[in-house]
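J.: Provided below: final-v8.txt, containing compact mmCIF, C-alpha atoms.
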```
# COMPACT_ATOMS: atom_id res chain seq x y z
CA MET A 30 71.56 3.86 -6.55
CA SER A 31 71.38 4.99 -10.18
CA ASP A 32 67.79 6.10 -9.77
CA THR A 33 68.52 8.16 -6.68
CA VAL A 34 71.79 9.75 -7.72
CA SER A 35 71.51 13.52 -7.81
CA ASP A 36 72.85 15.95 -10.39
CA THR A 37 75.48 16.98 -7.88
CA VAL A 38 76.83 13.46 -7.59
CA ARG A 39 76.50 12.81 -11.33
CA ASP A 40 78.58 15.92 -12.09
CA ALA A 41 81.21 14.72 -9.67
CA VAL A 42 81.29 11.29 -11.25
CA ASN A 43 81.67 12.80 -14.72
CA ASP A 44 84.39 15.16 -13.63
CA PRO A 45 86.06 13.88 -10.45
CA GLY A 46 87.67 16.49 -8.30
CA THR A 47 85.21 19.26 -9.08
CA LEU A 48 83.24 18.88 -5.89
CA SER A 49 84.33 18.64 -2.33
CA ALA A 50 83.74 15.41 -0.49
CA TRP A 51 81.55 17.37 1.91
CA ALA A 52 79.21 18.51 -0.88
CA ILE A 53 78.84 14.93 -2.07
CA ALA A 54 78.32 13.46 1.41
CA ALA A 55 75.81 16.22 2.14
CA GLU A 56 73.60 14.91 -0.67
CA VAL A 57 72.95 11.57 1.03
CA PRO A 58 69.27 11.37 1.97
CA ASP A 59 68.09 10.17 5.37
CA PRO A 60 66.89 6.57 4.85
CA GLU A 61 63.77 7.04 6.95
CA LEU A 62 62.98 10.60 5.84
CA PRO A 63 64.24 10.67 2.24
CA VAL A 64 62.87 14.16 1.71
CA VAL A 65 65.76 15.57 3.77
CA THR A 66 69.49 14.93 3.58
CA ILE A 67 71.80 13.97 6.43
CA ALA A 68 73.31 17.46 6.19
CA ASP A 69 69.83 19.05 6.47
CA LEU A 70 69.23 17.09 9.67
CA GLY A 71 72.60 17.91 11.20
CA ILE A 72 73.62 14.24 11.27
CA LEU A 73 76.66 14.93 9.06
CA ARG A 74 79.25 16.48 11.40
CA ASP A 75 82.52 16.58 9.51
CA VAL A 76 84.13 15.48 6.25
CA THR A 77 87.89 15.67 5.78
CA GLU A 78 90.02 14.66 2.84
CA ASP A 79 93.74 14.04 3.05
CA ASP A 80 96.29 14.66 0.30
CA GLN A 81 95.97 11.08 -0.88
CA GLY A 82 92.26 11.43 -1.48
CA ARG A 83 91.19 9.44 1.57
CA VAL A 84 87.94 10.69 3.00
CA HIS A 85 87.00 10.59 6.68
CA VAL A 86 83.34 11.24 7.48
CA GLN A 87 81.88 11.83 10.94
CA ILE A 88 78.17 11.29 11.57
CA THR A 89 76.17 11.37 14.79
CA PRO A 90 72.94 9.48 15.57
CA THR A 91 69.73 11.35 16.28
CA TYR A 92 68.85 8.88 19.06
CA SER A 93 71.22 6.36 20.70
CA GLY A 94 69.30 3.45 19.20
CA CYS A 95 68.74 4.94 15.75
CA PRO A 96 68.59 1.89 13.45
CA ALA A 97 69.37 3.96 10.35
CA MET A 98 73.04 4.53 11.17
CA GLU A 99 74.37 1.44 9.38
CA THR A 100 72.33 2.28 6.29
CA ILE A 101 73.65 5.84 6.33
CA ARG A 102 77.20 4.53 6.62
CA THR A 103 76.70 2.26 3.60
CA ASP A 104 75.02 5.03 1.61
CA LEU A 105 77.91 7.40 2.36
CA VAL A 106 80.51 4.88 1.25
CA ASP A 107 78.53 4.04 -1.92
CA THR A 108 77.91 7.68 -2.84
CA LEU A 109 81.48 8.83 -2.24
CA THR A 110 82.88 5.77 -4.01
CA ALA A 111 80.63 6.46 -7.01
CA ALA A 112 82.01 10.00 -7.04
CA GLY A 113 85.55 8.70 -7.35
CA TYR A 114 86.77 8.45 -3.78
CA GLN A 115 88.43 5.08 -3.27
CA HIS A 116 89.07 5.19 0.46
CA VAL A 117 86.14 6.22 2.59
CA ALA A 118 85.98 5.80 6.37
CA VAL A 119 82.82 6.62 8.30
CA GLU A 120 83.03 7.25 12.03
CA PHE A 121 80.15 7.52 14.51
CA VAL A 122 80.55 10.29 17.09
CA LEU A 123 78.32 10.87 20.14
CA ALA A 124 79.51 14.24 21.45
CA PRO A 125 78.26 16.86 21.25
CA ALA A 126 74.85 15.19 21.44
CA TRP A 127 72.63 15.74 18.42
CA THR A 128 69.82 18.21 18.85
CA THR A 129 66.89 19.11 16.61
CA ASP A 130 68.23 22.69 16.78
CA TRP A 131 70.86 21.62 14.21
CA MET A 132 68.15 21.02 11.66
CA THR A 133 68.26 23.69 8.95
CA GLU A 134 65.31 25.98 8.22
CA GLU A 135 65.23 24.42 4.78
CA ALA A 136 64.89 20.97 6.34
CA ARG A 137 62.01 22.17 8.52
CA GLY A 138 60.22 23.43 5.43
CA LYS A 139 60.83 20.15 3.57
CA LEU A 140 59.50 18.12 6.50
CA ALA A 141 56.33 20.21 6.69
CA SER A 142 55.63 19.82 2.98
CA TYR A 143 56.26 16.07 3.38
CA GLY A 144 53.52 15.93 6.04
CA ILE A 145 55.66 15.96 9.19
CA ALA A 146 55.32 18.90 11.56
CA PRO A 147 58.88 20.13 12.25
CA PRO A 148 60.29 20.46 15.79
CA GLY A 149 60.26 23.63 17.84
CA ARG A 150 63.39 25.02 19.49
CA THR A 151 64.74 23.32 22.62
CA SER A 152 65.15 26.39 24.83
CA ASP A 153 62.69 24.96 27.36
CA GLY A 154 64.38 21.56 27.65
CA PRO A 155 63.93 18.32 25.76
CA VAL A 156 60.40 17.45 26.81
CA PRO A 157 58.25 20.29 25.54
CA LEU A 158 55.45 21.98 27.36
CA THR A 159 52.80 21.41 24.77
CA LEU A 160 52.99 24.45 22.55
CA ALA A 161 50.80 24.56 19.50
CA VAL A 162 51.98 22.24 16.75
CA ARG A 163 50.81 23.32 13.31
CA CYS A 164 49.02 20.73 11.19
CA PRO A 165 51.16 20.12 8.08
CA GLN A 166 48.01 19.32 6.05
CA CYS A 167 45.78 22.32 6.66
CA GLY A 168 47.90 24.72 8.73
CA SER A 169 45.60 24.77 11.74
CA THR A 170 47.11 25.00 15.21
CA ASP A 171 44.04 23.34 16.73
CA THR A 172 45.83 20.03 17.13
CA ARG A 173 46.36 17.48 19.89
CA GLU A 174 48.99 14.89 20.69
CA SER A 175 47.66 11.34 20.54
CA SER A 176 50.92 9.61 21.50
CA ARG A 177 54.30 10.90 22.62
CA PHE A 178 56.00 8.08 20.67
CA GLY A 179 55.35 7.53 16.97
CA SER A 180 56.58 5.23 14.22
CA THR A 181 60.19 6.12 15.02
CA ALA A 182 61.85 7.34 18.20
CA CYS A 183 62.18 10.86 16.80
CA LYS A 184 58.47 11.38 16.11
CA SER A 185 55.21 11.70 18.04
CA LEU A 186 51.66 11.15 16.78
CA TRP A 187 49.23 14.06 16.46
CA VAL A 188 45.70 14.63 15.25
CA CYS A 189 44.34 17.83 13.73
CA ARG A 190 40.97 18.92 15.12
CA SER A 191 40.27 21.09 12.08
CA CYS A 192 40.86 18.70 9.18
CA ARG A 193 40.67 15.52 11.28
CA GLU A 194 43.87 14.15 9.75
CA PRO A 195 46.49 12.38 11.85
CA PHE A 196 50.10 13.46 11.33
CA ASP A 197 53.64 12.92 12.60
CA HIS A 198 55.51 15.54 14.57
CA PHE A 199 59.31 15.52 14.75
CA LYS A 200 59.92 15.82 18.50
CA ARG A 201 62.44 18.30 19.70
CA LEU A 202 65.47 16.84 21.39
CA MET B 20 88.75 -18.38 29.99
CA THR B 21 92.51 -18.59 30.35
CA THR B 22 94.39 -17.07 33.25
CA PRO B 23 95.57 -13.61 32.20
CA ARG B 24 99.24 -12.89 31.79
CA ASP B 25 100.55 -10.15 34.04
CA ASP B 26 100.96 -7.69 31.17
CA SER B 27 97.46 -8.14 29.79
CA PRO B 28 94.47 -6.09 31.00
CA PRO B 29 92.43 -8.09 33.48
CA PRO B 30 89.40 -9.75 31.91
CA LEU B 31 86.12 -9.42 33.75
CA ARG B 32 86.12 -12.90 35.18
CA SER B 33 89.46 -12.40 36.81
CA SER B 34 88.13 -10.94 40.05
CA ALA B 35 88.71 -14.24 41.82
CA GLU B 36 92.26 -14.43 40.56
CA GLN B 37 92.84 -10.81 41.58
CA SER B 38 91.70 -11.42 45.11
CA ARG B 39 94.41 -14.07 45.31
CA GLY B 40 96.87 -11.22 45.01
CA GLY B 41 97.75 -10.58 41.37
CA PRO B 42 97.53 -7.13 39.87
CA GLY B 43 98.09 -4.00 41.97
CA PRO B 44 95.75 -1.08 42.68
CA VAL B 45 96.04 0.45 39.22
CA ALA B 46 94.91 -2.75 37.56
CA ASN B 47 92.12 -3.07 40.10
CA ARG B 48 90.99 0.49 39.33
CA ALA B 49 90.92 -0.41 35.66
CA ALA B 50 88.91 -3.54 36.45
CA SER B 51 86.39 -1.62 38.55
CA HIS B 52 86.09 0.94 35.75
CA VAL B 53 85.15 -1.87 33.36
CA GLU B 54 82.69 -3.32 35.88
CA TYR B 55 81.06 0.08 36.39
CA VAL B 56 80.48 0.73 32.69
CA LEU B 57 79.39 -2.87 32.22
CA GLY B 58 76.84 -2.55 35.03
CA LEU B 59 75.24 0.52 33.46
CA GLY B 60 75.28 -1.12 30.03
CA ASP B 61 73.71 -4.31 31.39
CA ASP B 62 70.98 -2.30 33.16
CA ALA B 63 70.05 -0.71 29.84
CA LEU B 64 70.34 -3.96 27.86
CA ILE B 65 68.25 -6.10 30.18
CA SER B 66 65.64 -3.37 30.58
CA ALA B 67 65.39 -3.14 26.78
CA GLN B 68 64.91 -6.90 26.55
CA ARG B 69 62.05 -6.79 29.08
CA MET B 70 60.53 -3.80 27.30
CA GLY B 71 60.51 -5.78 24.06
CA TRP B 72 58.13 -8.31 25.61
CA TRP B 73 55.39 -5.70 25.43
CA ILE B 74 55.52 -5.36 21.66
CA SER B 75 52.15 -6.65 20.43
CA ARG B 76 50.94 -7.07 24.02
CA ALA B 77 50.51 -3.45 25.18
CA PRO B 78 46.99 -2.25 25.98
CA GLN B 79 46.83 -0.17 22.81
CA LEU B 80 48.74 0.27 19.55
CA GLU B 81 50.22 3.62 20.60
CA GLU B 82 51.61 1.96 23.72
CA ASP B 83 53.21 -0.78 21.63
CA LEU B 84 55.05 1.95 19.74
CA ALA B 85 55.97 3.84 22.89
CA LEU B 86 57.41 0.88 24.78
CA ALA B 87 59.23 -0.36 21.67
CA ASN B 88 60.80 3.05 21.19
CA ILE B 89 61.77 3.34 24.85
CA GLY B 90 63.34 -0.11 24.63
CA LEU B 91 65.16 0.93 21.46
CA ASP B 92 66.64 3.99 23.18
CA GLN B 93 67.82 1.76 26.03
CA LEU B 94 69.28 -0.72 23.58
CA GLY B 95 71.19 2.09 21.87
CA GLN B 96 72.58 3.21 25.22
CA ALA B 97 73.49 -0.40 26.02
CA ARG B 98 75.36 -0.80 22.73
CA SER B 99 77.48 2.30 23.36
CA LEU B 100 78.17 1.33 26.97
CA LEU B 101 79.01 -2.30 26.25
CA ALA B 102 81.24 -1.35 23.31
CA HIS B 103 83.04 1.04 25.66
CA ALA B 104 83.34 -1.60 28.40
CA GLY B 105 84.87 -3.94 25.83
CA GLU B 106 87.42 -1.30 24.81
CA LEU B 107 88.33 -0.58 28.43
CA GLU B 108 88.73 -4.28 29.11
CA GLY B 109 91.10 -4.59 26.18
CA ALA B 110 90.54 -8.30 25.69
CA GLY B 111 89.05 -7.96 22.23
CA ARG B 112 85.42 -8.41 23.22
CA GLY B 113 82.90 -6.26 21.38
CA GLU B 114 79.33 -5.26 22.25
CA ASP B 115 77.88 -8.46 20.76
CA ASP B 116 80.33 -10.71 22.60
CA LEU B 117 79.38 -9.05 25.87
CA ALA B 118 75.64 -9.15 25.22
CA TYR B 119 75.35 -12.65 23.79
CA LEU B 120 78.28 -14.69 25.01
CA ARG B 121 78.45 -14.01 28.72
CA ASP B 122 76.81 -16.31 31.24
CA GLU B 123 74.45 -15.19 33.96
CA ARG B 124 77.08 -14.75 36.67
CA ASP B 125 79.00 -12.33 34.43
CA PHE B 126 76.08 -9.90 34.05
CA ARG B 127 76.20 -6.86 36.32
CA ASN B 128 72.67 -5.43 36.03
CA VAL B 129 70.47 -4.62 39.03
CA TRP B 130 67.51 -6.83 39.94
CA LEU B 131 65.03 -4.05 39.19
CA VAL B 132 65.30 -4.60 35.44
CA GLU B 133 65.64 -8.37 35.14
CA ARG B 134 62.41 -9.78 36.51
CA SER B 135 59.52 -10.39 34.14
CA GLN B 136 57.01 -7.54 33.91
CA THR B 137 53.81 -8.88 32.44
CA ASP B 138 51.51 -6.53 34.35
CA PHE B 139 51.19 -3.00 33.00
CA GLY B 140 51.09 -1.46 36.48
CA VAL B 141 54.35 -3.23 37.35
CA ALA B 142 55.92 -2.12 34.06
CA MET B 143 55.02 1.53 34.62
CA ALA B 144 56.09 1.52 38.28
CA ARG B 145 59.42 0.04 37.21
CA LEU B 146 59.89 2.49 34.35
CA LEU B 147 59.14 5.38 36.70
CA ILE B 148 61.83 4.19 39.14
CA PHE B 149 64.35 3.27 36.45
CA ALA B 150 63.93 6.39 34.32
CA THR B 151 64.05 8.70 37.35
CA TRP B 152 67.30 7.05 38.44
CA GLN B 153 68.81 7.00 34.93
CA SER B 154 67.85 10.64 34.52
CA GLU B 155 69.80 11.71 37.64
CA LEU B 156 72.65 9.32 36.90
CA TYR B 157 73.19 10.39 33.30
CA ALA B 158 72.88 14.07 34.27
CA ALA B 159 75.74 13.55 36.74
CA LEU B 160 77.80 11.50 34.29
CA ARG B 161 77.79 14.29 31.70
CA ASP B 162 80.79 15.59 33.67
CA SER B 163 82.53 12.20 33.95
CA ALA B 164 86.32 12.14 33.60
CA ASP B 165 85.71 9.27 31.18
CA SER B 166 84.93 11.26 28.03
CA THR B 167 83.16 8.38 26.27
CA LEU B 168 80.93 7.79 29.27
CA ALA B 169 80.23 11.55 29.37
CA ALA B 170 79.27 11.52 25.67
CA VAL B 171 76.90 8.56 26.07
CA ALA B 172 75.34 10.19 29.14
CA GLY B 173 74.95 13.55 27.41
CA LYS B 174 72.95 11.89 24.68
CA ALA B 175 71.00 9.47 26.86
CA VAL B 176 69.86 12.07 29.40
CA LYS B 177 67.71 13.73 26.75
CA GLU B 178 66.11 10.44 25.70
CA VAL B 179 65.41 9.37 29.27
CA ALA B 180 63.52 12.63 29.86
CA TYR B 181 60.91 11.28 27.44
CA HIS B 182 60.84 7.86 29.16
CA LEU B 183 60.31 9.46 32.55
CA ASP B 184 57.62 11.71 31.20
CA HIS B 185 55.82 8.73 29.69
CA ALA B 186 55.96 6.65 32.89
CA ALA B 187 54.88 9.58 35.05
CA HIS B 188 51.86 10.24 32.83
CA TRP B 189 50.70 6.62 33.13
CA VAL B 190 51.35 6.38 36.88
CA VAL B 191 49.27 9.51 37.45
CA ARG B 192 46.52 8.43 35.06
CA LEU B 193 46.20 4.98 36.60
CA GLY B 194 46.85 6.00 40.21
CA ASP B 195 44.37 8.87 40.08
CA GLY B 196 41.95 6.92 37.90
CA THR B 197 39.34 4.35 38.83
CA GLU B 198 39.31 2.31 42.01
CA GLU B 199 40.55 -0.70 40.04
CA SER B 200 43.36 1.16 38.25
CA HIS B 201 44.43 2.84 41.50
CA GLN B 202 44.64 -0.50 43.26
CA ARG B 203 46.62 -2.16 40.49
CA MET B 204 49.01 0.77 40.16
CA GLN B 205 49.62 0.64 43.91
CA GLN B 206 50.25 -3.12 43.64
CA GLY B 207 52.73 -2.53 40.83
CA LEU B 208 54.54 -0.01 42.98
CA GLU B 209 54.65 -2.40 45.97
CA ALA B 210 56.13 -5.07 43.69
CA GLU B 211 58.95 -2.83 42.42
CA TRP B 212 59.80 -0.76 45.48
CA PRO B 213 62.02 -3.42 47.14
CA TYR B 214 64.41 -3.12 44.18
CA LEU B 215 64.95 0.64 44.56
CA ASP B 216 67.78 0.40 47.10
CA GLU B 217 70.11 -1.63 44.92
CA LEU B 218 70.41 1.34 42.55
CA PHE B 219 72.27 3.25 45.26
CA GLU B 220 74.80 0.57 46.22
CA PRO B 221 78.22 2.17 46.62
CA VAL B 222 80.81 1.68 43.89
CA ASP B 223 84.62 1.74 44.12
CA GLU B 224 85.50 4.96 45.98
CA GLY B 225 88.55 5.49 43.81
CA LEU B 226 86.34 5.54 40.74
CA VAL B 227 84.16 8.24 42.29
CA GLY B 228 87.21 10.15 43.53
CA SER B 229 88.81 10.20 40.10
CA GLY B 230 85.62 11.62 38.61
CA VAL B 231 84.80 8.62 36.43
CA ALA B 232 81.73 7.39 38.32
CA ALA B 233 78.80 9.28 39.81
CA ASP B 234 78.48 8.51 43.53
CA PRO B 235 75.35 6.32 43.65
CA THR B 236 74.52 7.23 47.26
CA ALA B 237 74.49 10.93 46.34
CA LEU B 238 71.76 10.32 43.77
CA ARG B 239 69.35 8.83 46.27
CA ASP B 240 67.62 11.93 47.64
CA SER B 241 66.84 13.48 44.27
CA VAL B 242 65.65 10.18 42.82
CA VAL B 243 63.35 9.40 45.74
CA LEU B 244 62.00 12.96 45.84
CA GLY B 245 61.34 12.87 42.11
CA ILE B 246 59.40 9.62 42.37
CA GLU B 247 57.48 10.76 45.45
CA ASP B 248 56.33 13.91 43.63
CA VAL B 249 54.76 11.74 40.95
CA LEU B 250 53.22 9.38 43.52
CA ALA B 251 51.66 12.30 45.38
CA GLU B 252 50.03 13.56 42.19
CA ALA B 253 48.89 10.00 41.46
CA THR B 254 47.30 9.71 44.95
CA LEU B 255 49.50 6.66 45.56
CA THR B 256 51.21 5.72 48.80
CA VAL B 257 54.97 5.30 49.18
CA PRO B 258 55.36 1.58 49.93
CA GLN B 259 56.71 0.48 53.29
CA VAL B 260 58.52 -2.68 52.25
CA ARG B 261 61.85 -4.26 53.04
CA PRO B 262 64.53 -3.95 50.38
CA ALA B 263 65.36 -7.02 48.31
CA VAL B 264 68.70 -8.72 48.90
CA GLY B 265 70.12 -7.64 45.55
CA GLY B 266 73.57 -8.56 44.32
CA GLY B 267 73.27 -7.97 40.58
CA ARG B 268 76.44 -5.84 40.52
CA ARG B 269 78.33 -8.88 41.86
CA GLY B 270 76.79 -11.25 39.32
CA LEU B 271 74.12 -12.69 41.61
CA HIS B 272 70.74 -12.77 39.93
CA THR B 273 67.14 -13.87 40.39
CA GLU B 274 65.83 -17.09 38.93
CA GLU B 275 64.17 -15.25 36.05
CA MET B 276 67.48 -13.94 34.70
CA GLY B 277 68.45 -17.31 33.28
CA TYR B 278 65.24 -17.57 31.28
CA LEU B 279 65.72 -14.05 29.95
CA LEU B 280 69.26 -14.82 28.79
CA ALA B 281 68.18 -18.12 27.24
CA GLU B 282 65.74 -16.23 25.04
CA MET B 283 68.02 -13.27 24.33
CA GLN B 284 71.13 -15.31 23.54
CA HIS B 285 69.58 -18.35 21.89
CA LEU B 286 70.06 -17.34 18.26
CA THR B 287 73.66 -16.21 18.57
CA ARG B 288 74.67 -19.26 20.56
CA SER B 289 72.84 -21.76 18.34
CA HIS B 290 74.05 -20.19 15.11
CA PRO B 291 77.44 -18.61 15.79
CA GLY B 292 78.30 -15.88 13.34
CA ALA B 293 74.76 -15.67 11.96
CA THR B 294 73.98 -12.46 10.08
CA TRP B 295 71.02 -11.10 8.17
```
Would you mind giving the structure from this file in structure tokens?

T.:
Amino acid sequence: MSDTVSDTVRDAVNDPGTLSAWAIAAEVPDPELPVVTIADLGILRDVTEDDQGRVHVQITPTYSGCPAMETIRTDLVDTLTAAGYQHVAVEFVLAPAWTTDWMTEEARGKLASYGIAPPGRTSDGPVPLTLAVRCPQCGSTDTRESSRFGSTACKSLWVCRSCREPFDHFKRL
Amino acid sequence: MTTPRDDSPPPLRSSAEQSRGGPGPVANRAASHVEYVLGLGDDALISAQRMGWWISRAPQLEEDLALANIGLDQLGQARSLLAHAGELEGAGRGEDDLAYLRDERDFRNVWLVERSQTDFGVAMARLLIFATWQSELYAALRDSADSTLAAVAGKAVKEVAYHLDHAAHWVVRLGDGTEESHQRMQQGLEAEWPYLDELFEPVDEGLVGSGVAADPTALRDSVVLGIEDVLAEATLTVPQVRPAVGGGRRGLHTEEMGYLLAEMQHLTRSHPGATW
């Protein structure tokens, strides 16, 4: 983890107690989309710290079968432990159900620059009427869906008609 | 399995002992609550196992990904439901114990999901039926008095919308496609239709009355209408076939269930405690 530790965590390690447990937990990257953090995605729901320094973290899965949850749990424990917290408990919560609407604007921008078209808003229900999805490579909206299911449950496969490049789209949920 | 003491929650296999006049109505309600959650969890688990068969065998790479992801969603739902059933049972069994260490007669899934599905028309007909039913069921269970069940349903209903959409697209494309694809889609539908009725088998009235369970019979009209809308667009005919006998909710299964479990449970049973 030494090569992935951020300045935020390093500062906390050097001077324990300067940063809240939330700020440290919020730095943990998503294992499948390392360009965004679990806080960016809205997976991190709550972090509480009691007067004895015990930290309780709540995270929620994007999809019921998300295989990254165990990795995220381990990463949270490792990161918080490295920052000086000795007792870290991570709890999975299901309600309220995660939605792509919890994704921050910053996260949407990071996804796009990473090559993944970010999700639209869910006001029309979970399965979208196909609105234009912007190609993250060239910016064109002349794109088509090639498969509703991509490399992970949260993404679909698209192709850009302008630049001919295939790309992932983070489905709204 | 040992005979339960009177003060312990009734394990799942105790139904025979109960019928000999053990625990009172409250304990029976608790047992039917466990059975209900277990049934829904087993439906999702066994469907996921069948869906996994298609990985590397689907007609195209994109379909491999789609069916794998649909199966993964179902597996996630199954894990939450089985973990919850284990907690309700209170006998210390977790999701893995329930998935890997129960025998055939202890599984509570419907017949729709357990038979092999090695024909793509059959697989899509089944997914259309199953996802339409799950969609209505989970929508109703969002208001369940069982808050864990409500939370699982609230999450799952959004995932199932994608499954249903996927199945409906294929059924329409194949049904309203070539003569060959139309015929095979109709055959797939005829093969699966007898297993529709079992989804609406009544459950313990007390469980419905207390707001824990969704009344299965009340889901029937919207499920059938939903499927028939897709079939009309697909130029397919609603099959006129007799319902299958069923009995999955009572632990009675088809011959193929044993083979499925042998494959699914082999590793855990041959190498107890194995991890990776």

J.: Put a box with edges along x, y and z around all the listed atoms of range 170-174 of chain B, pad it by 5 Å on each side, then give me its centre and sizes in Å, one decimal, as AutoDock Vina command-line options.

T.:
```
--center_x 76.1 --center_y 11.1 --center_z 26.9 --size_x 16.3 --size_y 15.0 --size_z 14.5
```

J.: What are the residues of chain B lining chain A at 6 Å or less? Count only C-alpha atoms, and put the answer as a PyMOL selection string.

T.: chain B and resi 85+88+91-92+95-96+170+174

J.: When you draw a straight line from CA of Arg134 in chain B to CA of Leu64 in chain B, how long is it in Å?

T.: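 Calculated distance between CA of Arg134 in chain B and CA of Leu64 in chain B is 13.1 Å.
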
J.: Give me, as a ChimeraX atom specification, all polymer residues having an atom no more than 6 Å from Lys184 in chain A, counting all atoms listed in the file and skipping those fewer than 5 positions away in the same chain.

T.: /A:179,198-200

J.: I need the residue nearest Glu134 in chain A from this list: A:Val106, A:Ala97, A:Ala68, A:Ala112. Use all atoms listed in the file for the distance.

T.: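 Closest to Glu134 in chain A of all the choices is A:Ala68.
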
J.: Taking only C-alpha atoms into account, which of B:Leu120, B:Leu183, B:Ile148, B:Ala49 comes nearest Glu247 in chain B?

T.: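 Closest to Glu247 in chain B of all the choices is B:Ile148.
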
J.: Grab the CA of Arg102 in chain A to CA of Glu135 in chain A distance for me, in Å with one decimal place.

T.: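 Spanning CA of Arg102 in chain A to CA of Glu135 in chain A is a straight-line distance of 23.3 Å.
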
J.: If you count only C-alpha atoms, which residues fall within 9 Å of Arg239 in chain B, apart from same-chain ones fewer than 4 positions away, as a list of chain:residue names?

T.: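 Residues near the query, excluding close chain neighbours: B:Trp152, B:Asp216, B:Leu218, B:Phe219, B:Pro235, B:Val243, B:Leu244.
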
J.: One decimal, Å: what's the distance from CA of Gly105 in chain B over to CA of Ala158 in chain B, could you say?

T.: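 Between these atoms lies a distance of 23.2 Å.
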